[in-house]
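Only one structure is covered here, and it is reproduced in the block below.
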Amino acid sequence: MHRSEITIDLGAVRRNVHRLRSLLGRTELWAVVKADGYGHGAVDVAGAALGEGAHALCVATVAEALPLRFEFPGVRILVMGPTSGREIAQAREADLDLAIFNEAIPDGVRVHLKLDTGMGRWGLSELPAFGQEVVGLMSHLATADSDPEFARAQIQRFEQATADFPHLIRHIANSPATLRIPESHLDAARCGCALYGLSPFGEPPAVDGLEPALRWDSYLGQVRRLGAGESTGYRRGFLADEPTWVGIVPVGYGDGFRRDMTGTQVRVGGEPRRVVGVVSMDALAVELDRELPVGTPVTLVGHGVLMEDHARIADTINYELTTGINSSPARARRVVLDA
């Protein structure tokens with residue numbers, strides 16, 4: 001038996017793409033599949049997104065782009081991170097697009113010049129003189145999920161700076177802007193977390209018509225009764241005040257279930273149960289209300305267990321958690337549903 005099973009529902013990805021395209025109208029949807037598709041599998045997600053009408057793919061590195069180029073010849077693939085001279089040569093050979101943040105514009109490769117309109121990270125303060133290698137102009141919103149007014153100010157700055165280049169592809173929108181700031185849409189929108197049914201606002205994804213694509217399941221590997229004053233796990237992180245049943249699940253931070261997710265809820269046999277004690281590398285404990293059989297299913301994510309709720313407990317964002325799930329066959333069984 002595998003320690004856990006990770007299920008990716010490409011049907012959900014397609015429905016999320018359909019939802020985003022319905023908001024974007026004539027604006028192109030560019031699917032962001034960096035970090036192995038936010039932990040969902042870049043090739044699988046890219047195929048589903050393109051099949052549902054996404055126009056392009058976005059990644060962080062040339063190394064991420066190359067397997068996608070092999071699978072999807074002729075599709076625009078934009079590398080959004082910095083590139084070395086050798087990587088530029090690889091990009092040229094693989095017919096990739098590159099985001100460029102400085103005035104040194106490489107020859108023989110399609111370029112998207114990136115303006116810094118308020119992110120304060122990669123970006124040009126103003127557009128340099130450029131030639132036909134430049135096919136797009138882009139920027140990056142810093143607060144579309146938290147401060148829409150600042151995001152709107154960024155969009156204004158970007159539109160003013162690029163107004164003289166209507167023949168180029170202009171793109172600034174991310175998932176939260178696509179969902180709630182329609183004036184951001186312009187020519188293309190680069191959507192990441194929303195593709196996977198992850199809310200950029202920390203709310204239930206259904207609020208924005210999204211459907212989570214990832215499910216993570218395990219089981220009770222042991223069930224034991226603690227007497228009053230007895231504990232489970234390192235540092236005696238959970239002490240029983242009274243006789244208490246606990247279940248031990250063979251998943252821990254080595255699998256991507258982080259230590260700071262203690263206190264979150266999972267489902268055991270379909271019922272919500274609290275994670276207690278200290279999450280260890282290979283195991284976590286759940287508090288039970290009764291003795292349950294070994295092998296009882298445990299849903300870590302999915303079927304009402306939202307990554308957004310786990311993220312709230314861990315004081316982070318949902319897709320930091322998904323990118324941290326260890327889907328190595330040495331740790332988990334990965335299943336892709338494509339219905």
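Chain labels run A, B, ... following the order of the structure tokens; each chain numbers its residues from 1, and ligands are numbered from 1 in the order shown.
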
Can you pull out the residues contacting Glu159 of chain A? Cut-off 10 Å, using only C-alpha atoms, and skip same-chain residues under 5 positions away; I want them as an mmCIF file with N, CA, C and O atoms, in the first residue's frame.
```
data_model
loop_
_atom_site.group_PDB
_atom_site.id
_atom_site.type_symbol
_atom_site.label_atom_id
_atom_site.label_comp_id
_atom_site.auth_asym_id
_atom_site.auth_seq_id
_atom_site.Cartn_x
_atom_site.Cartn_y
_atom_site.Cartn_z
ATOM 1 N N ALA A 153 -3.600 51.215 -10.192
ATOM 2 C CA ALA A 153 -2.585 52.238 -10.472
ATOM 3 C C ALA A 153 -1.461 51.650 -11.322
ATOM 4 O O ALA A 153 -0.954 52.303 -12.244
ATOM 5 N N GLN A 154 -1.062 50.398 -11.047
ATOM 6 C CA GLN A 154 -0.055 49.734 -11.872
ATOM 7 C C GLN A 154 -0.544 49.569 -13.303
ATOM 8 O O GLN A 154 0.216 49.792 -14.263
ATOM 9 N N ASP A 164 1.966 53.637 -27.096
ATOM 10 C CA ASP A 164 2.463 53.869 -28.460
ATOM 11 C C ASP A 164 2.779 52.573 -29.210
ATOM 12 O O ASP A 164 3.292 52.638 -30.330
ATOM 13 N N PHE A 165 2.466 51.423 -28.599
ATOM 14 C CA PHE A 165 2.845 50.143 -29.222
ATOM 15 C C PHE A 165 1.641 49.194 -29.307
ATOM 16 O O PHE A 165 1.684 48.070 -28.802
ATOM 17 N N ARG A 170 0.308 43.057 -25.162
ATOM 18 C CA ARG A 170 0.479 43.660 -23.834
ATOM 19 C C ARG A 170 -0.210 42.773 -22.797
ATOM 20 O O ARG A 170 -1.381 42.416 -22.951
ATOM 21 N N HIS A 171 0.532 42.447 -21.732
ATOM 22 C CA HIS A 171 -0.053 41.553 -20.721
ATOM 23 C C HIS A 171 0.469 41.903 -19.332
ATOM 24 O O HIS A 171 1.670 42.080 -19.126
ATOM 25 N N ILE A 172 -0.489 41.992 -18.399
ATOM 26 C CA ILE A 172 -0.174 42.327 -17.005
ATOM 27 C C ILE A 172 -1.021 41.512 -16.027
ATOM 28 O O ILE A 172 -0.636 41.311 -14.891
ATOM 29 N N SER A 184 -7.766 44.906 -16.390
ATOM 30 C CA SER A 184 -6.395 44.388 -16.494
ATOM 31 C C SER A 184 -6.198 43.464 -17.691
ATOM 32 O O SER A 184 -5.073 43.124 -18.031
ATOM 33 N N LEU A 186 -6.423 43.357 -21.098
ATOM 34 C CA LEU A 186 -5.599 43.757 -22.242
ATOM 35 C C LEU A 186 -5.547 42.654 -23.303
ATOM 36 O O LEU A 186 -6.577 42.092 -23.663
#
```

Using only C-alpha atoms, find each residue of segment 147-230 of chain A with at least one atom at most 9 Å away from an atom of segment 113-125 of chain A; report its shortest atom-to-atom pair and that distance in Å (one decimal), sort the rows by chain and rising residue number, and return the result as CSV.
```
residue,atom,partner,partner_atom,distance
A:Phe150,CA,A:Gly118,CA,8.5
A:Ala151,CA,A:Gly118,CA,8.5
A:Ala153,CA,A:Thr117,CA,8.6
A:Gln154,CA,A:Thr117,CA,5.3
A:Ile155,CA,A:Thr117,CA,7.9
A:Arg157,CA,A:Thr117,CA,6.3
A:Phe158,CA,A:Thr117,CA,6.5
A:Ala161,CA,A:Leu115,CA,8.7
```

Using only C-alpha atoms: which of A:Pro212, A:Pro176, A:Gly81, A:Gly47 has the shortest distance to Thr322 of chain A: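 Looking at the shortest contact to Thr322 of chain A, the residue is A:Pro212.
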
Using only C-alpha atoms: which of A:Val266, A:Ile317, A:Gly247, A:Ala89 has the shortest distance to Pro200 of chain A: A:Ile317

Neighbour list for Pro297 of chain A as a PyMOL selection string, cut-off 10 Å, only C-alpha atoms, skip fewer than 6 positions in-chain: chain A and resi 217-221+249+267-270

Restrict the selected residues to N, CA, C and O atoms and save them as a CSV table (one decimal), in the first residue's frame.
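Saved the output as selection.csv:
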```
chain,number,residue,atom,x,y,z
A,217,ASP,N,-4.9,11.7,-0.6
A,217,ASP,CA,-5.5,10.8,0.4
A,217,ASP,C,-4.5,9.9,1.0
A,217,ASP,O,-3.5,9.6,0.4
A,218,SER,N,-4.7,9.5,2.2
A,218,SER,CA,-3.9,8.5,2.9
A,218,SER,C,-4.8,7.6,3.7
A,218,SER,O,-6.0,7.4,3.4
A,219,TYR,N,-4.4,7.1,4.9
A,219,TYR,CA,-5.1,6.1,5.7
A,219,TYR,C,-4.6,6.1,7.1
A,219,TYR,O,-3.5,6.6,7.4
A,220,LEU,N,-5.4,5.5,8.0
A,220,LEU,CA,-4.9,5.3,9.4
A,220,LEU,C,-4.0,4.1,9.4
A,220,LEU,O,-4.4,3.0,9.1
A,221,GLY,N,-2.7,4.3,9.7
A,221,GLY,CA,-1.7,3.2,9.8
A,221,GLY,C,-1.7,2.6,11.1
A,221,GLY,O,-1.3,1.4,11.3
A,249,VAL,N,-1.2,8.7,10.8
A,249,VAL,CA,-1.3,8.7,9.4
A,249,VAL,C,0.1,8.7,8.8
A,249,VAL,O,1.0,9.5,9.3
A,267,ARG,N,-10.2,14.9,6.9
A,267,ARG,CA,-11.4,14.0,7.0
A,267,ARG,C,-10.9,12.6,7.2
A,267,ARG,O,-10.1,12.0,6.4
A,268,VAL,N,-11.4,11.9,8.3
A,268,VAL,CA,-11.1,10.5,8.6
A,268,VAL,C,-12.4,9.8,8.5
A,268,VAL,O,-13.4,10.1,9.2
A,269,GLY,N,-12.5,8.8,7.5
A,269,GLY,CA,-13.7,8.2,7.3
A,269,GLY,C,-14.8,9.1,6.9
A,269,GLY,O,-16.0,8.9,7.2
A,270,GLY,N,-14.5,10.2,6.3
A,270,GLY,CA,-15.5,11.2,5.8
A,270,GLY,C,-15.9,12.2,6.9
A,270,GLY,O,-16.6,13.2,6.6
```

Separation of atom CA of Asp147 of chain A from atom CA of His18 of chain A, in Å and rounded to one decimal: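 Answer for the atom CA of Asp147 of chain A to atom CA of His18 of chain A separation: 26.2 Å.
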
With only C-alpha atoms counted and 10 Å as the cut-off, give the residues of segment 103-206 of chain A in contact with segment 24-45 of chain A, each with its shortest interatomic distance in Å and the pair that gives it, as a tab-separated table.
```
residue	atom	partner	partner_atom	distance
A:Ile169	CA	A:Glu28	CA	9.9
A:His171	CA	A:Glu28	CA	9.4
A:Ala173	CA	A:Leu29	CA	9.8
A:Asn174	CA	A:Val32	CA	9.3
A:Ser175	CA	A:Val32	CA	9.7
A:Thr178	CA	A:Leu24	CA	7.1
A:Leu179	CA	A:Leu24	CA	8.8
A:Pro182	CA	A:Leu24	CA	7.8
A:Ser184	CA	A:Leu24	CA	9.8
A:His185	CA	A:Thr27	CA	6.3
A:Leu186	CA	A:Thr27	CA	6.4
A:Asp187	CA	A:Thr27	CA	5.0
A:Ala188	CA	A:Glu28	CA	4.4
A:Ala189	CA	A:Leu29	CA	5.2
A:Arg190	CA	A:Trp30	CA	4.7
A:Cys191	CA	A:Ala31	CA	5.4
A:Gly192	CA	A:Val32	CA	4.6
A:Cys193	CA	A:Tyr38	CA	7.5
A:Ala194	CA	A:Ala31	CA	9.6
A:Leu195	CA	A:Ala31	CA	7.3
A:Tyr196	CA	A:His40	CA	7.8
```

For the residues in the current selection, export all heavy atoms as a compact mmCIF listing (two decimals), in the first residue's frame.
```txt
# COMPACT_ATOMS: atom_id res chain seq x y z
N ILE A 169 1.93 42.59 -28.14
CA ILE A 169 1.06 41.92 -27.17
C ILE A 169 1.34 42.54 -25.79
O ILE A 169 2.48 42.52 -25.31
CB ILE A 169 1.36 40.41 -27.10
CG1 ILE A 169 1.25 39.79 -28.49
CG2 ILE A 169 0.40 39.72 -26.14
CD1 ILE A 169 1.83 38.37 -28.55
N HIS A 171 0.53 42.45 -21.73
CA HIS A 171 -0.05 41.55 -20.72
C HIS A 171 0.47 41.90 -19.33
O HIS A 171 1.67 42.08 -19.13
CB HIS A 171 0.20 40.08 -21.05
CG HIS A 171 1.60 39.72 -21.46
ND1 HIS A 171 2.45 38.99 -20.66
CD2 HIS A 171 2.30 39.95 -22.60
CE1 HIS A 171 3.60 38.79 -21.29
NE2 HIS A 171 3.54 39.37 -22.47
N ALA A 173 -2.17 41.01 -16.46
CA ALA A 173 -3.11 40.35 -15.55
C ALA A 173 -2.59 39.00 -15.07
O ALA A 173 -1.99 38.24 -15.82
CB ALA A 173 -4.46 40.15 -16.24
N ASN A 174 -2.84 38.72 -13.79
CA ASN A 174 -2.62 37.40 -13.20
C ASN A 174 -3.97 36.81 -12.82
O ASN A 174 -5.02 37.32 -13.24
CB ASN A 174 -1.66 37.50 -12.01
CG ASN A 174 -2.13 38.52 -10.98
OD1 ASN A 174 -3.24 39.04 -11.05
ND2 ASN A 174 -1.28 38.81 -10.01
N SER A 175 -4.00 35.75 -12.03
CA SER A 175 -5.28 35.12 -11.69
C SER A 175 -6.23 36.06 -10.95
O SER A 175 -7.39 36.20 -11.35
CB SER A 175 -5.05 33.85 -10.86
OG SER A 175 -4.56 32.81 -11.67
N THR A 178 -7.52 38.68 -13.30
CA THR A 178 -8.44 38.11 -14.28
C THR A 178 -9.82 37.92 -13.68
O THR A 178 -10.84 38.20 -14.31
CB THR A 178 -7.89 36.76 -14.78
OG1 THR A 178 -6.67 37.00 -15.48
CG2 THR A 178 -8.87 36.05 -15.69
N LEU A 179 -9.86 37.48 -12.43
CA LEU A 179 -11.13 37.18 -11.78
C LEU A 179 -11.90 38.43 -11.38
O LEU A 179 -13.13 38.46 -11.47
CB LEU A 179 -10.90 36.31 -10.54
CG LEU A 179 -10.42 34.88 -10.81
CD1 LEU A 179 -9.90 34.23 -9.53
CD2 LEU A 179 -11.54 34.04 -11.42
N PRO A 182 -11.39 43.53 -14.34
CA PRO A 182 -11.52 43.31 -15.79
C PRO A 182 -10.69 44.25 -16.64
O PRO A 182 -10.28 43.88 -17.74
CB PRO A 182 -13.02 43.48 -16.05
CG PRO A 182 -13.62 43.98 -14.80
CD PRO A 182 -12.68 43.73 -13.68
N SER A 184 -7.77 44.91 -16.39
CA SER A 184 -6.40 44.39 -16.49
C SER A 184 -6.20 43.46 -17.69
O SER A 184 -5.07 43.12 -18.03
CB SER A 184 -6.04 43.60 -15.23
OG SER A 184 -6.76 42.37 -15.17
N HIS A 185 -7.26 43.04 -18.33
CA HIS A 185 -7.17 41.91 -19.26
C HIS A 185 -6.31 42.19 -20.49
O HIS A 185 -5.57 41.33 -20.95
CB HIS A 185 -8.58 41.47 -19.68
CG HIS A 185 -9.38 40.90 -18.55
ND1 HIS A 185 -10.70 40.54 -18.67
CD2 HIS A 185 -9.04 40.63 -17.25
CE1 HIS A 185 -11.15 40.07 -17.51
NE2 HIS A 185 -10.17 40.12 -16.63
N LEU A 186 -6.42 43.36 -21.10
CA LEU A 186 -5.60 43.76 -22.24
C LEU A 186 -5.55 42.65 -23.30
O LEU A 186 -6.58 42.09 -23.66
CB LEU A 186 -4.20 44.18 -21.76
CG LEU A 186 -4.18 45.30 -20.69
CD1 LEU A 186 -2.75 45.66 -20.33
CD2 LEU A 186 -4.97 46.51 -21.11
N ASP A 187 -4.36 42.31 -23.81
CA ASP A 187 -4.27 41.34 -24.92
C ASP A 187 -4.15 39.89 -24.44
O ASP A 187 -4.56 38.97 -25.14
CB ASP A 187 -3.06 41.67 -25.81
CG ASP A 187 -3.17 43.05 -26.43
OD1 ASP A 187 -4.24 43.36 -26.98
OD2 ASP A 187 -2.19 43.82 -26.35
N ALA A 188 -3.53 39.71 -23.29
CA ALA A 188 -3.36 38.35 -22.74
C ALA A 188 -3.33 38.44 -21.22
O ALA A 188 -2.99 39.48 -20.64
CB ALA A 188 -2.07 37.72 -23.26
N ALA A 189 -3.71 37.32 -20.57
CA ALA A 189 -3.68 37.23 -19.11
C ALA A 189 -2.92 35.97 -18.74
O ALA A 189 -3.18 34.89 -19.27
CB ALA A 189 -5.09 37.19 -18.55
N ARG A 190 -1.97 36.12 -17.82
CA ARG A 190 -1.15 34.99 -17.38
C ARG A 190 -1.75 34.43 -16.08
O ARG A 190 -1.61 35.02 -15.02
CB ARG A 190 0.29 35.44 -17.13
CG ARG A 190 0.92 36.21 -18.29
CD ARG A 190 2.38 36.57 -18.01
NE ARG A 190 2.56 37.29 -16.77
CZ ARG A 190 2.57 38.62 -16.65
NH1 ARG A 190 2.37 39.39 -17.71
NH2 ARG A 190 2.77 39.18 -15.48
N CYS A 191 -2.43 33.31 -16.19
CA CYS A 191 -3.14 32.75 -15.03
C CYS A 191 -2.44 31.51 -14.51
O CYS A 191 -2.16 30.58 -15.27
CB CYS A 191 -4.58 32.41 -15.41
SG CYS A 191 -5.58 33.86 -15.75
N GLY A 192 -2.17 31.50 -13.22
CA GLY A 192 -1.56 30.36 -12.57
C GLY A 192 -2.51 29.69 -11.62
O GLY A 192 -3.22 28.75 -11.97
N CYS A 193 -2.60 30.17 -10.38
CA CYS A 193 -3.31 29.43 -9.33
C CYS A 193 -4.75 29.12 -9.70
O CYS A 193 -5.26 28.03 -9.37
CB CYS A 193 -3.22 30.17 -8.00
SG CYS A 193 -3.98 31.81 -7.96
N ALA A 194 -5.44 30.02 -10.40
CA ALA A 194 -6.84 29.78 -10.73
C ALA A 194 -7.02 28.58 -11.65
O ALA A 194 -8.05 27.91 -11.62
CB ALA A 194 -7.45 31.03 -11.36
N LEU A 195 -6.02 28.28 -12.48
CA LEU A 195 -6.09 27.09 -13.34
C LEU A 195 -6.32 25.83 -12.52
O LEU A 195 -6.98 24.89 -12.95
CB LEU A 195 -4.78 26.89 -14.10
CG LEU A 195 -4.38 27.77 -15.25
CD1 LEU A 195 -3.04 27.30 -15.77
CD2 LEU A 195 -5.42 27.74 -16.35
N TYR A 196 -5.71 25.82 -11.34
CA TYR A 196 -5.71 24.62 -10.50
C TYR A 196 -6.86 24.63 -9.49
O TYR A 196 -6.94 23.74 -8.65
CB TYR A 196 -4.36 24.53 -9.78
CG TYR A 196 -3.20 24.69 -10.74
CD1 TYR A 196 -2.56 25.92 -10.91
CD2 TYR A 196 -2.79 23.63 -11.53
CE1 TYR A 196 -1.54 26.08 -11.82
CE2 TYR A 196 -1.76 23.78 -12.45
CZ TYR A 196 -1.14 25.00 -12.59
OH TYR A 196 -0.13 25.16 -13.52
```

Residues near Ile88 of chain A, cut-off 9 Å, only C-alpha atoms, skip fewer than 2 positions along chain, as a list in words: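 With the cut-off at 9 Å, the set is Val62, Thr83, Ser84, Gly85, Arg86, Gln90, Ala91, Arg92, Glu93, Leu98, Pro106 and Val109 of chain A.
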
Kindly save the residues from that selection, with N, CA, C and O atoms included, as a PDB file, in the first residue's frame.
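As written to disk, part_6.pdb reads:
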```pdb
ATOM      1  N   VAL A  62      14.204  28.143 -18.608  1.00  0.00           N
ATOM      2  CA  VAL A  62      14.358  27.428 -19.882  1.00  0.00           C
ATOM      3  C   VAL A  62      14.283  25.926 -19.650  1.00  0.00           C
ATOM      4  O   VAL A  62      13.670  25.189 -20.444  1.00  0.00           O
ATOM      5  N   THR A  83      17.702  34.654 -17.689  1.00  0.00           N
ATOM      6  CA  THR A  83      18.356  33.628 -18.506  1.00  0.00           C
ATOM      7  C   THR A  83      19.821  33.983 -18.732  1.00  0.00           C
ATOM      8  O   THR A  83      20.166  35.148 -18.923  1.00  0.00           O
ATOM      9  N   SER A  84      20.663  32.958 -18.754  1.00  0.00           N
ATOM     10  CA  SER A  84      22.088  33.136 -19.036  1.00  0.00           C
ATOM     11  C   SER A  84      22.301  33.065 -20.546  1.00  0.00           C
ATOM     12  O   SER A  84      21.392  32.729 -21.313  1.00  0.00           O
ATOM     13  N   GLY A  85      23.536  33.329 -20.968  1.00  0.00           N
ATOM     14  CA  GLY A  85      23.855  33.265 -22.392  1.00  0.00           C
ATOM     15  C   GLY A  85      23.589  31.896 -22.984  1.00  0.00           C
ATOM     16  O   GLY A  85      23.047  31.764 -24.086  1.00  0.00           O
ATOM     17  N   ARG A  86      23.973  30.836 -22.256  1.00  0.00           N
ATOM     18  CA  ARG A  86      23.737  29.474 -22.751  1.00  0.00           C
ATOM     19  C   ARG A  86      22.246  29.205 -22.851  1.00  0.00           C
ATOM     20  O   ARG A  86      21.773  28.564 -23.810  1.00  0.00           O
ATOM     21  N   GLN A  90      19.758  28.098 -25.992  1.00  0.00           N
ATOM     22  CA  GLN A  90      18.791  26.999 -25.938  1.00  0.00           C
ATOM     23  C   GLN A  90      17.391  27.474 -26.298  1.00  0.00           C
ATOM     24  O   GLN A  90      16.640  26.793 -27.007  1.00  0.00           O
ATOM     25  N   ALA A  91      17.036  28.667 -25.807  1.00  0.00           N
ATOM     26  CA  ALA A  91      15.711  29.228 -26.100  1.00  0.00           C
ATOM     27  C   ALA A  91      15.557  29.506 -27.586  1.00  0.00           C
ATOM     28  O   ALA A  91      14.494  29.274 -28.180  1.00  0.00           O
ATOM     29  N   ARG A  92      16.626  30.003 -28.188  1.00  0.00           N
ATOM     30  CA  ARG A  92      16.605  30.281 -29.631  1.00  0.00           C
ATOM     31  C   ARG A  92      16.374  28.989 -30.411  1.00  0.00           C
ATOM     32  O   ARG A  92      15.540  28.925 -31.312  1.00  0.00           O
ATOM     33  N   GLU A  93      17.090  27.947 -30.020  1.00  0.00           N
ATOM     34  CA  GLU A  93      16.980  26.670 -30.715  1.00  0.00           C
ATOM     35  C   GLU A  93      15.606  26.041 -30.516  1.00  0.00           C
ATOM     36  O   GLU A  93      15.071  25.394 -31.416  1.00  0.00           O
ATOM     37  N   LEU A  98      11.180  34.908 -24.512  1.00  0.00           N
ATOM     38  CA  LEU A  98      11.870  35.259 -23.270  1.00  0.00           C
ATOM     39  C   LEU A  98      11.377  36.593 -22.738  1.00  0.00           C
ATOM     40  O   LEU A  98      11.199  37.554 -23.506  1.00  0.00           O
ATOM     41  N   PRO A 106      18.446  40.188 -26.629  1.00  0.00           N
ATOM     42  CA  PRO A 106      19.148  39.188 -27.447  1.00  0.00           C
ATOM     43  C   PRO A 106      18.595  39.117 -28.869  1.00  0.00           C
ATOM     44  O   PRO A 106      17.419  39.420 -29.109  1.00  0.00           O
ATOM     45  N   VAL A 109      15.582  35.761 -31.045  1.00  0.00           N
ATOM     46  CA  VAL A 109      14.626  35.127 -30.135  1.00  0.00           C
ATOM     47  C   VAL A 109      13.514  36.130 -29.852  1.00  0.00           C
ATOM     48  O   VAL A 109      13.762  37.339 -29.791  1.00  0.00           O
TER      49      VAL A 109
END
```

Computed interatomic separation between atom CA of Ala63 of chain A and atom CA of Arg76 of chain A (Å):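 About the pair atom CA of Ala63 of chain A and atom CA of Arg76 of chain A: they are 15.4 Å apart.
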